[in-house]
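Some notes on the structure that comes next.
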Amino acid sequence: FEVSQILDRSIDMKQVVSPVLKAVADQMAMERGTITLLNRNTGEISIEAALGLSNSQREKGRYQLGEGITGKVVQSGKPMVIPDIAEDPQFLNRTGARKAIERRKISFICVPIKIGNETIGAFSCDRPSTDRMGLDEDVRLLSILGSMIAQAVKLRQQVQEEKQRLVEENTRLQAKLQDRFKPS
């Protein structure tokens with residue numbers, strides 16, 4: 001409910017994604033979280049918003065389709081859970097945010113953000129390791145939140161497309177008026 005309220009606050013996604021991550025962190029004991037989006041032109045997946053990462057770590061968080069856990073989730077459209085990141089070679093730690101010598105187990109959960117059948121990004125989080133049932137519940141919750149984020153992205157895209165269409169129509173009509181009336 002809190003996330004839905006946050007997503008309704010602004011049409012600008014950049015203003016709402018960080019508060020969404022904060023709300024999830026408060027409710028799930030999330031240590032780090034990211035929302036990554038796929039650039040359809042370049043095929044690169046990059047971090048749109050992050051909690052628990054420095055700016056330089058965010059910049060390092062770039063993936064290609066199929067690369068690392070995030071790239072595999074975006075490519076397949078299916079969630080992935082890593083119960084202990086220290087034990088899984090697929091986990092790249094590209095951002096460098098997880099210390100190699102951390103003494104406790106950290107789980108990584110990554111779910112797709114999808115509009116229809118198209119995966120547009122991923123929502124991921126680190127949290128203290130818990131039993132498999134707890135991780136499965138977290139996957140379900142993050143999947144629901146990913147759907148909410150996808151709907152928000154879709155609505156904002158539609159608004160932007162409509163705005164662009166209106167600007168183009170306005171420009172076309174102004175040019176037509178100038179041609180017709182040619183004020184001196």
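Residues in the structure tokens are numbered from 1 in each chain, the chains being A, B, ... in the order shown, and ligands are numbered from 1 in the order shown.
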Problem set entry | Long-range neighbours of Pro128 of chain A as a VMD selection string, 12 Å cut-off, only C-alpha atoms, 3 positions minimum in chain | chain A and resid 25 28 to 32 82 to 85 102 to 109 125 131 134 to 135 138
Problem set entry | Neighbour list for segment 35-51 of chain A as a PyMOL selection string, cut-off 12 Å, only C-alpha atoms, skip fewer than 5 positions in-chain | chain A and resi 13-26+30+56-75+94-95+97+109-114+118-126+142+145-146+149-150+153
Exercise. Could you pull out all residues of segment 47-156 of chain A with a DSSP call of strand (DSSP E) and give them as a PyMOL selection string?
Worked result: chain A and resi 47-51+62-64+80-82+106-115+118-128
Okay, now the selection with N, CA and C atoms, as a tab-separated table (two decimals), in the first residue's frame?
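Done, and the output landed in part14.tsv:
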```
chain	number	residue	atom	x	y	z
A	47	ILE	N	21.64	0.75	-13.57
A	47	ILE	CA	20.91	1.06	-12.34
A	47	ILE	C	20.21	2.41	-12.48
A	48	GLU	N	18.91	2.40	-12.34
A	48	GLU	CA	18.10	3.61	-12.37
A	48	GLU	C	18.03	4.24	-10.98
A	49	ALA	N	17.91	3.40	-9.97
A	49	ALA	CA	17.87	3.88	-8.58
A	49	ALA	C	18.46	2.81	-7.69
A	50	ALA	N	19.06	3.24	-6.58
A	50	ALA	CA	19.68	2.28	-5.66
A	50	ALA	C	19.59	2.79	-4.24
A	51	LEU	N	19.55	1.85	-3.32
A	51	LEU	CA	19.60	2.15	-1.90
A	51	LEU	C	20.76	1.34	-1.34
A	62	ARG	N	26.47	-1.98	-14.36
A	62	ARG	CA	26.01	-2.07	-15.76
A	62	ARG	C	26.19	-3.50	-16.24
A	63	TYR	N	25.18	-4.01	-16.92
A	63	TYR	CA	25.19	-5.40	-17.35
A	63	TYR	C	24.68	-5.50	-18.78
A	64	GLN	N	25.07	-6.56	-19.44
A	64	GLN	CA	24.50	-6.90	-20.73
A	64	GLN	C	23.47	-7.99	-20.49
A	80	MET	N	15.19	-14.84	-9.83
A	80	MET	CA	16.26	-15.71	-9.35
A	80	MET	C	16.54	-15.36	-7.89
A	81	VAL	N	16.87	-16.40	-7.12
A	81	VAL	CA	17.22	-16.23	-5.71
A	81	VAL	C	18.57	-16.88	-5.48
A	82	ILE	N	19.47	-16.14	-4.86
A	82	ILE	CA	20.77	-16.67	-4.47
A	82	ILE	C	20.79	-16.68	-2.94
A	106	ILE	N	24.51	-13.45	3.05
A	106	ILE	CA	23.62	-12.47	2.42
A	106	ILE	C	22.93	-13.16	1.25
A	107	SER	N	21.62	-12.99	1.20
A	107	SER	CA	20.84	-13.52	0.08
A	107	SER	C	20.59	-12.39	-0.92
A	108	PHE	N	20.48	-12.77	-2.19
A	108	PHE	CA	20.21	-11.82	-3.26
A	108	PHE	C	18.97	-12.29	-3.98
A	109	ILE	N	17.99	-11.40	-4.09
A	109	ILE	CA	16.73	-11.72	-4.77
A	109	ILE	C	16.60	-10.73	-5.92
A	110	CYS	N	16.30	-11.25	-7.10
A	110	CYS	CA	16.17	-10.40	-8.28
A	110	CYS	C	14.94	-10.85	-9.06
A	111	VAL	N	14.01	-9.91	-9.29
A	111	VAL	CA	12.79	-10.23	-10.02
A	111	VAL	C	12.68	-9.31	-11.24
A	112	PRO	N	12.04	-9.80	-12.29
A	112	PRO	CA	11.89	-8.95	-13.49
A	112	PRO	C	10.85	-7.86	-13.29
A	113	ILE	N	11.04	-6.77	-13.99
A	113	ILE	CA	10.02	-5.73	-14.12
A	113	ILE	C	9.52	-5.87	-15.56
A	114	LYS	N	8.24	-6.25	-15.69
A	114	LYS	CA	7.70	-6.58	-17.01
A	114	LYS	C	6.47	-5.75	-17.33
A	115	ILE	N	6.40	-5.35	-18.59
A	115	ILE	CA	5.19	-4.75	-19.14
A	115	ILE	C	4.67	-5.77	-20.16
A	118	GLU	N	7.08	-8.21	-22.14
A	118	GLU	CA	8.39	-7.58	-22.32
A	118	GLU	C	9.02	-7.24	-20.97
A	119	THR	N	10.23	-7.73	-20.76
A	119	THR	CA	10.97	-7.39	-19.54
A	119	THR	C	11.73	-6.10	-19.79
A	120	ILE	N	11.45	-5.10	-18.95
A	120	ILE	CA	12.06	-3.79	-19.14
A	120	ILE	C	13.15	-3.50	-18.11
A	121	GLY	N	13.29	-4.39	-17.12
A	121	GLY	CA	14.28	-4.16	-16.09
A	121	GLY	C	14.19	-5.21	-15.00
A	122	ALA	N	14.80	-4.91	-13.86
A	122	ALA	CA	14.80	-5.83	-12.73
A	122	ALA	C	14.79	-5.06	-11.43
A	123	PHE	N	14.24	-5.69	-10.42
A	123	PHE	CA	14.19	-5.16	-9.06
A	123	PHE	C	14.93	-6.17	-8.20
A	124	SER	N	15.99	-5.73	-7.53
A	124	SER	CA	16.78	-6.68	-6.75
A	124	SER	C	17.06	-6.14	-5.36
A	125	CYS	N	17.33	-7.06	-4.44
A	125	CYS	CA	17.69	-6.65	-3.09
A	125	CYS	C	18.61	-7.67	-2.43
A	126	ASP	N	19.41	-7.15	-1.51
A	126	ASP	CA	20.24	-7.98	-0.62
A	126	ASP	C	19.55	-7.96	0.73
A	127	ARG	N	19.54	-9.09	1.37
A	127	ARG	CA	19.01	-9.12	2.73
A	127	ARG	C	19.72	-10.23	3.49
A	128	PRO	N	19.70	-10.14	4.82
A	128	PRO	CA	20.32	-11.22	5.60
A	128	PRO	C	19.67	-12.55	5.21
```
For this session: Can you check which residues of segment 9-137 of chain A DSSP gives as alpha helix (DSSP H) on the backbone and send them as an NGL selection string?
Result: :A and (13-28 or 55-60 or 68-76 or 132-137)
Problem set entry | Counting only C-alpha atoms, the option among A:Val159, A:Leu166, A:Met148, A:Ala86 closest to Ser129 of chain A | A:Ala86
Problem set entry | From A:Arg156, A:Asn117, A:Leu53, A:Arg140, residue lying nearest Pro79 of chain A [only C-alpha atoms] |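 Of all the options, A:Arg140 lies closest to Pro79 of chain A.
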Exercise. For Phe1 of chain A, which residue among A:Arg165, A:Lys176, A:Gly33, A:Gln27 is the nearest when counting only C-alpha atoms?
Worked result: A:Gln27
